[in-house]
>>> print(open('work18.cif').read())   # mmCIF, C-alpha atoms
data_target
#
loop_
_atom_site.label_atom_id
_atom_site.label_comp_id
_atom_site.auth_asym_id
_atom_site.auth_seq_id
_atom_site.Cartn_x
_atom_site.Cartn_y
_atom_site.Cartn_z
CA MET A 10 0.00 0.00 0.00
CA GLN A 11 1.46 3.35 -1.06
CA ILE A 12 1.13 6.07 1.54
CA ASN A 13 1.92 9.75 1.25
CA ILE A 14 3.61 10.16 4.61
CA ARG A 15 3.41 13.95 4.68
CA ASP A 16 -0.30 13.99 3.85
CA LEU A 17 -0.89 11.33 6.47
CA MET A 18 0.91 13.34 9.11
CA GLU A 19 -1.15 16.44 8.31
CA ASN A 20 -4.36 14.44 8.44
CA ILE A 21 -3.37 13.00 11.81
CA GLU A 22 -2.78 16.46 13.22
CA ASP A 23 -5.85 18.12 11.76
CA SER A 24 -8.57 15.50 12.10
CA SER A 25 -10.22 13.41 14.79
CA VAL A 26 -10.00 9.62 14.65
CA ASP A 27 -13.19 8.21 16.09
CA MET A 28 -13.78 4.75 17.49
CA GLU A 29 -15.87 3.90 14.42
CA ASP A 30 -12.90 4.74 12.18
CA LYS A 31 -10.34 2.43 13.70
CA ASN A 32 -11.08 -0.54 11.46
CA VAL A 33 -9.87 1.37 8.43
CA VAL A 34 -6.27 1.55 9.69
CA SER A 35 -5.35 -1.78 8.13
CA SER A 36 -1.83 -0.85 7.05
CA GLU A 37 0.85 -1.44 9.64
CA ARG A 38 2.29 2.05 9.27
CA ILE A 39 -1.07 3.80 9.56
CA LYS A 40 -1.95 1.76 12.63
CA GLU A 41 1.13 2.97 14.43
CA LEU A 42 1.11 6.55 13.12
CA THR A 43 -2.42 7.14 14.30
CA LYS A 44 -1.58 5.51 17.65
CA MET A 45 -4.77 6.18 19.56
CA LYS A 46 -7.67 8.53 18.93
CA ILE A 47 -6.93 12.21 18.33
CA ASN A 48 -9.47 14.41 20.07
CA GLN A 49 -7.90 17.84 19.83
CA ASN A 50 -10.44 19.37 17.45
CA GLU A 51 -13.31 19.16 19.91
CA TYR A 52 -11.66 21.42 22.43
CA GLY A 53 -9.00 23.11 20.35
CA PHE A 54 -6.17 22.71 22.84
CA THR A 55 -3.63 21.54 20.26
CA LYS A 56 -2.88 24.41 17.92
CA LYS A 57 -1.88 23.98 14.31
CA ARG A 58 1.85 23.55 13.96
CA SER A 59 3.91 24.59 10.99
CA SER A 60 6.35 21.68 11.09
CA LYS A 61 6.25 17.92 11.45
CA LYS A 62 6.90 17.92 15.21
CA LYS A 63 6.13 14.36 16.18
CA PHE A 64 2.98 13.48 14.28
CA VAL A 65 4.82 10.23 13.78
CA THR A 66 5.12 9.37 17.45
CA VAL A 67 2.98 11.71 19.52
CA LEU A 68 -0.28 10.47 20.85
CA ILE A 69 -2.58 13.48 21.21
CA ALA A 70 -5.44 13.55 23.68
CA ALA A 71 -7.93 16.26 24.58
CA ALA A 72 -6.94 18.18 27.70
CA MET A 73 -9.89 20.10 29.07
CA VAL A 74 -9.30 23.08 31.34
CA SER A 75 -11.07 22.55 34.66
CA ALA A 76 -10.70 23.73 38.22
CA LEU A 77 -10.92 20.12 39.34
CA GLY A 78 -7.83 18.99 41.16
CA ILE A 79 -5.73 22.12 41.42
CA SER A 80 -5.33 21.73 45.17
CA ALA A 81 -4.56 18.03 44.93
CA TYR A 82 -1.78 18.49 42.39
CA ALA A 83 0.92 19.86 44.67
CA ALA A 84 0.60 17.07 47.22
CA PHE A 85 0.60 14.15 44.79
CA LYS A 86 3.98 12.66 43.91
CA GLY A 87 3.28 9.41 42.08
CA GLY A 88 1.32 10.26 38.95
CA LEU A 89 1.66 12.51 35.92
CA GLU A 90 4.56 14.43 37.43
CA GLY A 91 6.62 11.25 37.42
CA VAL A 92 6.17 10.63 33.70
CA SER A 93 6.31 14.20 32.37
CA PHE A 94 9.04 15.05 29.84
CA GLY A 95 9.08 18.63 31.06
CA ASP A 96 9.09 20.18 34.50
CA PRO A 97 5.47 20.06 35.73
CA THR A 98 6.23 22.82 38.27
CA ASP A 99 7.48 25.18 35.55
CA PRO A 100 5.17 28.23 35.43
CA SER A 101 5.20 28.03 31.63
CA GLY A 102 3.72 24.57 31.94
CA THR A 103 4.92 23.61 28.49
CA THR A 104 7.27 21.02 27.04
CA THR A 105 7.25 22.55 23.56
CA THR A 106 9.29 25.39 22.15
CA GLU A 107 6.42 26.80 20.08
CA ARG A 108 4.97 29.62 22.12
CA ILE A 109 3.44 32.77 20.69
CA GLU A 110 4.70 35.90 22.39
CA VAL A 111 2.24 38.77 21.97
CA PRO A 112 2.70 42.19 23.62
CA VAL A 113 -0.35 42.66 25.85
CA GLY A 114 -1.72 45.88 27.24
CA PRO A 115 -3.40 46.34 30.66
CA ASP A 116 -6.78 45.54 29.10
CA GLY A 117 -5.56 42.10 28.02
CA GLN A 118 -5.55 43.00 24.34
CA ALA A 119 -2.54 42.83 22.09
CA THR A 120 -0.90 46.25 21.79
CA ASP A 121 -1.01 46.07 17.99
CA GLY A 122 -4.80 46.02 18.08
CA GLY A 123 -5.21 42.29 17.62
CA TYR A 124 -6.25 39.73 20.19
CA ALA A 125 -3.70 38.39 22.59
CA TYR A 126 -3.12 34.63 22.40
CA GLU A 127 -1.65 32.61 25.22
CA PRO A 128 -1.02 29.01 24.22
CA PRO A 129 -2.50 26.51 26.65
CA LYS A 130 -0.16 24.81 29.07
CA SER A 131 0.86 21.48 27.66
CA HIS A 132 2.74 18.58 29.22
CA MET A 133 3.93 15.60 27.23
CA ILE A 134 4.16 12.38 29.23
CA SER A 135 5.86 9.05 28.74
CA LEU A 136 3.81 5.87 28.32
CA GLN A 137 6.84 3.65 28.92
CA GLY A 138 7.49 4.05 32.63
CA TYR A 139 8.39 6.52 35.35
CA SER A 140 11.35 8.87 35.07
CA ASP A 141 13.79 6.58 36.91
CA THR A 142 13.54 3.84 34.25
CA ASN A 143 15.67 3.31 31.17
CA GLU A 144 12.51 3.03 29.10
CA PHE A 145 11.50 6.58 30.10
CA LYS A 146 14.99 8.00 29.58
CA ALA A 147 15.31 6.56 26.07
CA SER A 148 11.84 7.77 25.09
CA LYS A 149 12.58 11.27 26.40
CA GLU A 150 15.83 11.48 24.43
CA TRP A 151 14.05 10.34 21.29
CA TYR A 152 11.31 12.90 21.86
CA GLU A 153 13.86 15.70 22.21
CA PHE A 154 15.74 14.51 19.13
CA GLU A 155 12.64 14.27 16.96
CA ASP A 156 11.23 17.57 18.20
CA LYS A 157 14.08 19.38 16.46
CA TYR A 158 14.49 17.04 13.50
CA ASP A 159 13.47 17.78 9.91
CA GLN A 160 11.80 21.09 10.70
CA ASP A 161 11.34 22.01 7.04
CA TRP A 162 9.98 18.59 5.89
CA LYS A 163 12.77 18.15 3.32
CA ILE A 164 13.92 14.78 4.63
CA VAL A 165 10.47 13.26 4.92
CA ASP A 166 9.53 14.61 1.48
CA ALA A 167 12.61 12.99 -0.07
CA TYR A 168 11.80 9.74 1.72
CA ASP A 169 8.21 9.83 0.48
CA LYS A 170 9.36 10.31 -3.11
CA GLU A 171 11.86 7.46 -2.82
CA CYS A 172 9.20 5.10 -1.41
CA LYS A 173 6.90 5.91 -4.33
CA LYS A 174 9.75 5.39 -6.79
CA THR A 175 10.93 2.04 -5.45
CA GLY A 176 7.66 0.75 -4.03
CA LYS A 177 9.27 -0.17 -0.73
CA ASP A 178 10.08 1.36 2.63
CA PRO A 179 13.75 0.73 3.52
CA PHE A 180 13.11 1.10 7.28
CA GLU A 181 9.82 -0.71 7.79
CA GLU A 182 11.31 -4.21 7.98
CA LYS A 183 13.59 -3.46 10.94
CA TYR A 184 11.63 -0.63 12.57
CA PRO A 185 7.93 -1.38 12.00
CA GLY A 186 5.72 1.33 13.42
CA TYR A 187 8.49 3.63 14.64
CA GLY A 188 7.93 6.20 11.89
CA ILE A 189 11.63 6.19 10.98
CA TYR A 190 12.29 7.68 7.55
CA SER A 191 16.04 8.39 7.40
CA GLN A 192 19.29 6.66 8.24
CA GLU A 193 19.99 9.39 10.79
CA MET A 194 16.81 8.48 12.65
CA ALA A 195 17.64 4.79 12.45
CA ASP A 196 21.12 5.47 13.83
CA LYS A 197 19.65 7.50 16.69
CA ALA A 198 17.25 4.70 17.57
CA ASP A 199 20.09 2.18 17.56
CA GLU A 200 22.18 4.50 19.72
CA LEU A 201 19.45 4.77 22.37
CA ILE A 202 18.73 1.05 22.29
CA LYS A 203 22.38 0.31 22.98
CA LYS A 204 22.78 3.10 25.56
CA TYR A 205 19.81 1.97 27.65
CA ASN A 206 20.04 -1.78 26.99
CA LEU A 207 16.63 -2.00 25.32
CA LYS A 208 15.13 -3.94 22.42
CA LEU A 209 12.79 -3.16 19.54
CA ARG A 210 9.14 -4.21 19.79
CA GLY A 211 9.34 -6.53 16.80
CA LYS A 212 6.84 -6.91 14.00
CA PHE A 213 3.06 -6.55 14.16
CA ILE A 214 0.97 -9.61 15.00
CA ASN A 215 -1.99 -9.94 12.68
CA GLY A 216 -5.45 -10.49 14.12
CA HIS A 217 -8.14 -12.56 12.41
CA SER A 218 -11.33 -11.96 14.36
CA ASN A 219 -13.31 -9.85 11.88
CA PRO A 220 -15.42 -12.36 9.92
CA GLU A 221 -16.95 -9.58 7.82
CA ASP A 222 -13.55 -8.48 6.50
CA PRO A 223 -10.79 -11.13 6.35
CA SER A 224 -8.32 -8.45 5.22
CA ASP A 225 -8.75 -6.57 8.52
CA THR A 226 -5.75 -7.67 10.56
CA SER A 227 -6.45 -5.53 13.62
CA ILE A 228 -6.29 -7.23 17.02
CA ARG A 229 -9.49 -7.58 19.09
CA GLU A 230 -9.79 -7.76 22.87
CA ASN A 231 -10.59 -11.48 22.80
CA GLU A 232 -7.46 -12.25 20.81
CA LEU A 233 -5.32 -10.37 23.32
CA LYS A 234 -6.91 -12.43 26.10
CA GLU A 235 -6.07 -15.61 24.21
CA MET A 236 -2.45 -14.50 23.94
CA PHE A 237 -1.91 -13.03 27.40
CA GLY A 238 -4.48 -14.67 29.66
CA ASP A 239 -7.04 -13.12 31.99
CA ILE A 240 -6.17 -9.45 31.45
CA TRP A 241 -9.74 -8.04 31.58
CA ASP A 242 -13.31 -9.23 31.81
CA ASP A 243 -15.87 -9.73 29.07
CA LYS A 244 -17.39 -6.26 29.49
CA ILE A 245 -14.41 -4.69 27.72
CA HIS A 246 -14.53 -4.54 23.92
CA GLY A 247 -12.11 -2.93 21.52
CA VAL A 248 -9.70 -3.13 18.61
CA GLY A 249 -6.02 -2.31 18.23
CA TYR A 250 -2.64 -3.74 17.37
CA CYS A 251 0.07 -5.86 19.00
CA TYR A 252 3.80 -6.45 18.53
CA GLU A 253 5.81 -9.65 18.72
CA ASN A 254 7.23 -8.85 22.15
CA GLY A 255 3.79 -8.31 23.74
CA THR A 256 3.57 -4.52 23.57
CA PHE A 257 0.04 -3.63 22.49
CA SER A 258 -2.53 -0.84 22.21
CA LEU A 259 -6.31 -1.11 22.22
CA ASP A 260 -9.09 1.41 21.61
CA ALA A 261 -11.93 0.12 23.78
CA ASP A 262 -15.10 0.73 25.74
CA TYR A 263 -16.34 -0.41 29.13
CA GLU A 264 -19.98 0.53 29.64
CA LYS A 265 -19.87 4.36 29.45
CA VAL A 266 -16.09 4.64 29.68
CA SER A 267 -14.25 5.18 26.39
CA PHE A 268 -10.54 4.51 26.73
CA GLN A 269 -7.26 3.54 25.12
CA ILE A 270 -4.93 1.14 26.87
CA ARG A 271 -1.26 0.57 26.04
CA ARG A 272 1.00 -2.04 27.62
CA VAL A 273 4.72 -1.61 26.97
CA MET A 274 6.87 -4.58 27.87
CA LYS A 275 9.88 -4.08 30.14
CA GLY A 276 13.11 -3.51 28.26
CA THR A 277 11.35 -2.09 25.19
CA PHE A 278 12.34 0.96 23.19
CA ASP A 279 8.98 2.66 22.59
CA THR A 280 8.16 6.10 21.19
CA VAL A 281 4.48 6.77 21.89
CA TYR A 282 3.72 9.85 23.98
CA LEU A 283 0.63 11.53 25.36
CA ASN A 284 -0.14 15.25 25.51
CA VAL A 285 -2.20 15.68 28.69
CA GLY A 286 -2.39 19.46 28.70
CA ASP A 287 -1.95 21.24 32.03
CA ILE A 288 -1.08 18.70 34.74
CA SER A 289 -2.21 21.08 37.46
CA GLN A 290 -5.78 20.77 36.22
CA TYR A 291 -6.05 17.10 37.21
CA LYS A 292 -7.23 15.57 40.44
CA GLN A 293 -4.77 12.78 41.22
CA TRP A 294 -4.82 9.87 43.65
CA THR A 295 -3.77 6.25 44.03
CA TYR A 296 -6.21 3.36 44.15
CA LYS A 297 -5.68 -0.31 45.00
CA THR A 298 -7.73 -2.47 42.66
CA LYS A 299 -9.68 -5.53 43.78
CA SER A 300 -6.82 -7.66 42.47
CA GLY A 301 -4.45 -5.84 44.83
CA VAL A 302 -2.55 -3.66 42.34
CA GLU A 303 -1.97 0.02 43.12
CA VAL A 304 -2.70 2.31 40.18
CA SER A 305 -2.30 6.05 39.74
CA ILE A 306 -5.38 7.93 38.54
CA ALA A 307 -5.47 11.49 37.17
CA LEU A 308 -8.92 12.82 36.31
CA GLN A 309 -10.59 15.82 34.76
CA ASP A 310 -14.27 16.09 33.99
CA ARG A 311 -14.21 14.20 30.68
CA SER A 312 -10.65 12.93 30.37
CA GLY A 313 -7.97 11.31 32.46
CA VAL A 314 -5.02 8.94 32.71
CA VAL A 315 -4.47 5.72 34.64
CA LEU A 316 -0.90 4.47 35.15
CA ALA A 317 0.37 1.20 36.59
CA VAL A 318 3.69 -0.59 36.92
CA THR A 319 2.95 -4.24 36.19
CA PRO A 320 4.90 -7.51 36.45
CA LYS A 321 5.64 -7.50 32.72
CA GLY A 322 5.81 -3.81 31.91
CA PHE A 323 4.05 -0.48 32.17
CA VAL A 324 0.37 0.20 31.48
CA ALA A 325 -1.12 3.56 30.54
CA ILE A 326 -4.84 4.13 30.04
CA ASN A 327 -6.05 7.27 28.31
CA LEU A 328 -9.63 8.10 29.34
CA CYS A 329 -11.35 9.67 26.33
CA PRO A 330 -14.42 11.93 26.23
CA SER A 331 -17.63 9.92 26.22
CA GLU A 332 -21.29 10.62 25.47
CA ASP A 333 -24.66 9.24 26.49
CA GLU A 334 -27.18 7.69 24.10
CA ASN A 335 -28.42 11.17 23.16
CA GLY A 336 -24.97 12.50 22.33
CA ASN A 337 -24.63 14.55 25.49
CA PRO A 338 -21.15 14.75 27.03
CA LEU A 339 -20.58 12.66 30.14
CA ASN A 340 -18.34 13.63 33.03
CA TYR A 341 -16.35 10.87 34.67
CA THR A 342 -16.49 10.42 38.44
CA LYS A 343 -13.93 9.07 40.89
CA GLU A 344 -16.19 6.14 41.76
CA GLN A 345 -16.85 5.33 38.10
CA ILE A 346 -13.15 5.16 37.17
CA GLU A 347 -12.25 3.12 40.23
CA GLU A 348 -15.00 0.66 39.37
CA PHE A 349 -13.75 0.56 35.78
CA VAL A 350 -10.14 -0.30 36.65
CA ASP A 351 -11.37 -3.13 38.87
CA HIS A 352 -12.33 -4.89 35.64
CA ILE A 353 -8.70 -4.94 34.43
CA ASN A 354 -6.34 -7.56 35.81
CA PHE A 355 -3.09 -5.58 36.02
CA ASN A 356 -1.34 -8.60 37.56
CA ASN A 357 -1.41 -10.29 34.15
CA LEU A 358 -0.28 -7.21 32.26
#
>>> encode(input="work18.cif", output="structure tokens")
Amino acid sequence: MQINIRDLMENIEDSSVDMEDKNVVSSERIKELTKMKINQNEYGFTKKRSSKKKFVTVLIAAAMVSALGISAYAAFKGGLEGVSFGDPTDPSGTTTTERIEVPVGPDGQATDGGYAYEPPKSHMISLQGYSDTNEFKASKEWYEFEDKYDQDWKIVDAYDKECKKTGKDPFEEKYPGYGIYSQEMADKADELIKKYNLKLRGKFINGHSNPEDPSDTSIRENELKEMFGDIWDDKIHGVGYCYENGTFSLDADYEKVSFQIRRVMKGTFDTVYLNVGDISQYKQWTYKTKSGVEVSIALQDRSGVVLAVTPKGFVAINLCPSEDENGNPLNYTKEQIEEFVDHINFNNL
């Protein structure tokens, strides 16, 4: 399948990938580039960027501004702060270099007569582990490298042309799903793998549980259970992708909770990130599940993150905005999310 990488990146940044759309990502590269759902359009917290800037590896999630949890933030030391690539106590609250500086008068308006614009605070977090792990350190270095790489698109454009000319991707065989498109990127990945004693995820594992479309190779929740055991109960349903080493992602639903779960195996070089917006806007706490595993929960009204260190790796759950049967937005509650995570067996993850 021929893919225009640049067009795909722009589509990933500018559009929203809904749960109903996930079956169309049948190509291995598209599956990994899209990562999980992109919800930024609904709330507008991710502004249009002029350069590539990690479409390939950044997982974008809606980050709604809410007063919920401001007081709890300072006292909590085991959650989003521990996986943030930037300094969560930094007043700028941002891990990006793209900030718009506008001279503002005492009335809050730009002095040139236009409207002042203050970019929303934005924290990028690791989905590989906490900051004291090699998995986190390697992912952070890759993030910083890629953030500054190929700012003018020239390298990715040349790569796209070469792929169309030859009909093959020279990096897909060794680095499936990493979005690598130059030898320099490949060398950087190899450098980090060696430096932090990590391994690649391996190739995609094809699923075969869509009887209506045999060509759909996405992985379903029941297939993941067959491979990894009792990891969740039968109330969870979703679709995603899995790698040879057991790292997987799933877009799923549990009753009225819409979520994305990613398990990264220990010792894995992984490059998927999550933009959670302003960390200070979350209410954070720890919760021991019925199976006895302590998880970290960060919650806003309609979004949130659940993190857990597991026997085999690191699990991150992105809580996505959900709606009722009439299309009205639903706010998540502490009790609802705690009840939800009780249906996931983190001991087997």
>>> atom_distance(input="work18.cif", atom1="atom CA of Asn357 of chain A", atom2="atom CA of Ile240 of chain A")
5.5 Å
>>> axis_aligned_box(input="work18.cif", around="segment 259-269 of chain A", padding_each_side="4 Å", output="JSON")
{"center_x": -13.1, "center_y": 2.0, "center_z": 25.6, "size_x": 21.7, "size_y": 14.3, "size_z": 16.1}
>>> residues_around(input="work18.cif", residues="segment 202-219 of chain A", least_positions_apart="4", cutoff="7 Å", atoms="all atoms listed in the file", output="number ranges by chain")
A: 143, 147, 185, 198, 223, 225-229, 251-254, 256, 276-278
>>> write_last_selection(input="work18.cif", atoms="C-alpha atoms", output="compact mmCIF listing (two decimals), in the frame of the given file")
# COMPACT_ATOMS: atom_id res chain seq x y z
CA ASN A 143 15.67 3.31 31.17
CA ALA A 147 15.31 6.56 26.07
CA PRO A 185 7.93 -1.38 12.00
CA ALA A 198 17.25 4.70 17.57
CA PRO A 223 -10.79 -11.13 6.35
CA ASP A 225 -8.75 -6.57 8.52
CA THR A 226 -5.75 -7.67 10.56
CA SER A 227 -6.45 -5.53 13.62
CA ILE A 228 -6.29 -7.23 17.02
CA ARG A 229 -9.49 -7.58 19.09
CA CYS A 251 0.07 -5.86 19.00
CA TYR A 252 3.80 -6.45 18.53
CA GLU A 253 5.81 -9.65 18.72
CA ASN A 254 7.23 -8.85 22.15
CA THR A 256 3.57 -4.52 23.57
CA GLY A 276 13.11 -3.51 28.26
CA THR A 277 11.35 -2.09 25.19
CA PHE A 278 12.34 0.96 23.19
>>> atom_distance(input="work18.cif", atom1="atom CA of Ala195 of chain A", atom2="atom CA of Arg271 of chain A")
23.7 Å
>>> closest_residue(input="work18.cif", among="A:Tyr190, A:Phe349, A:Phe237, A:Phe94", to="Phe257 of chain A", atoms="only C-alpha atoms")
A:Phe237
>>> resolve_selection(input="work18.cif", expression="the PyMOL selection byres ((chain A and resi 315-324) around 9)", output="PDB file with C-alpha atoms, keeping the file's coordinate frame")
ATOM      1  CA  GLY A  88       1.320  10.260  38.950  1.00  0.00           C
ATOM      2  CA  LEU A  89       1.660  12.510  35.920  1.00  0.00           C
ATOM      3  CA  LEU A 136       3.810   5.870  28.320  1.00  0.00           C
ATOM      4  CA  GLN A 137       6.840   3.650  28.920  1.00  0.00           C
ATOM      5  CA  GLY A 138       7.490   4.050  32.630  1.00  0.00           C
ATOM      6  CA  TYR A 139       8.390   6.520  35.350  1.00  0.00           C
ATOM      7  CA  THR A 256       3.570  -4.520  23.570  1.00  0.00           C
ATOM      8  CA  ILE A 270      -4.930   1.140  26.870  1.00  0.00           C
ATOM      9  CA  ARG A 271      -1.260   0.570  26.040  1.00  0.00           C
ATOM     10  CA  ARG A 272       1.000  -2.040  27.620  1.00  0.00           C
ATOM     11  CA  VAL A 273       4.720  -1.610  26.970  1.00  0.00           C
ATOM     12  CA  MET A 274       6.870  -4.580  27.870  1.00  0.00           C
ATOM     13  CA  LYS A 275       9.880  -4.080  30.140  1.00  0.00           C
ATOM     14  CA  GLY A 276      13.110  -3.510  28.260  1.00  0.00           C
ATOM     15  CA  THR A 277      11.350  -2.090  25.190  1.00  0.00           C
ATOM     16  CA  VAL A 302      -2.550  -3.660  42.340  1.00  0.00           C
ATOM     17  CA  GLU A 303      -1.970   0.020  43.120  1.00  0.00           C
ATOM     18  CA  VAL A 304      -2.700   2.310  40.180  1.00  0.00           C
ATOM     19  CA  SER A 305      -2.300   6.050  39.740  1.00  0.00           C
ATOM     20  CA  ILE A 306      -5.380   7.930  38.540  1.00  0.00           C
ATOM     21  CA  ALA A 307      -5.470  11.490  37.170  1.00  0.00           C
ATOM     22  CA  LEU A 308      -8.920  12.820  36.310  1.00  0.00           C
ATOM     23  CA  GLY A 313      -7.970  11.310  32.460  1.00  0.00           C
ATOM     24  CA  VAL A 314      -5.020   8.940  32.710  1.00  0.00           C
ATOM     25  CA  ALA A 325      -1.120   3.560  30.540  1.00  0.00           C
ATOM     26  CA  ILE A 326      -4.840   4.130  30.040  1.00  0.00           C
ATOM     27  CA  ASN A 327      -6.050   7.270  28.310  1.00  0.00           C
ATOM     28  CA  LEU A 328      -9.630   8.100  29.340  1.00  0.00           C
ATOM     29  CA  VAL A 350     -10.140  -0.300  36.650  1.00  0.00           C
ATOM     30  CA  PHE A 355      -3.090  -5.580  36.020  1.00  0.00           C
ATOM     31  CA  ASN A 356      -1.340  -8.600  37.560  1.00  0.00           C
ATOM     32  CA  ASN A 357      -1.410 -10.290  34.150  1.00  0.00           C
ATOM     33  CA  LEU A 358      -0.280  -7.210  32.260  1.00  0.00           C
TER      34      LEU A 358
END
>>> closest_residue(input="work18.cif", among="A:Lys149, A:Lys183, A:His352, A:Lys163", to="Ser300 of chain A", atoms="only C-alpha atoms")
A:His352
>>> closest_residue(input="work18.cif", among="A:Val248, A:Ile353, A:Leu339, A:Ile288", to="Glu230 of chain A", atoms="all atoms listed in the file")
A:Val248
>>> atom_distance(input="work18.cif", atom1="atom CA of Phe180 of chain A", atom2="atom CA of Leu283 of chain A")
24.3 Å
>>> closest_residue(input="work18.cif", among="A:Gln269, A:Gln345, A:Asn335, A:Ser93", to="Phe145 of chain A", atoms="only C-alpha atoms")
A:Ser93
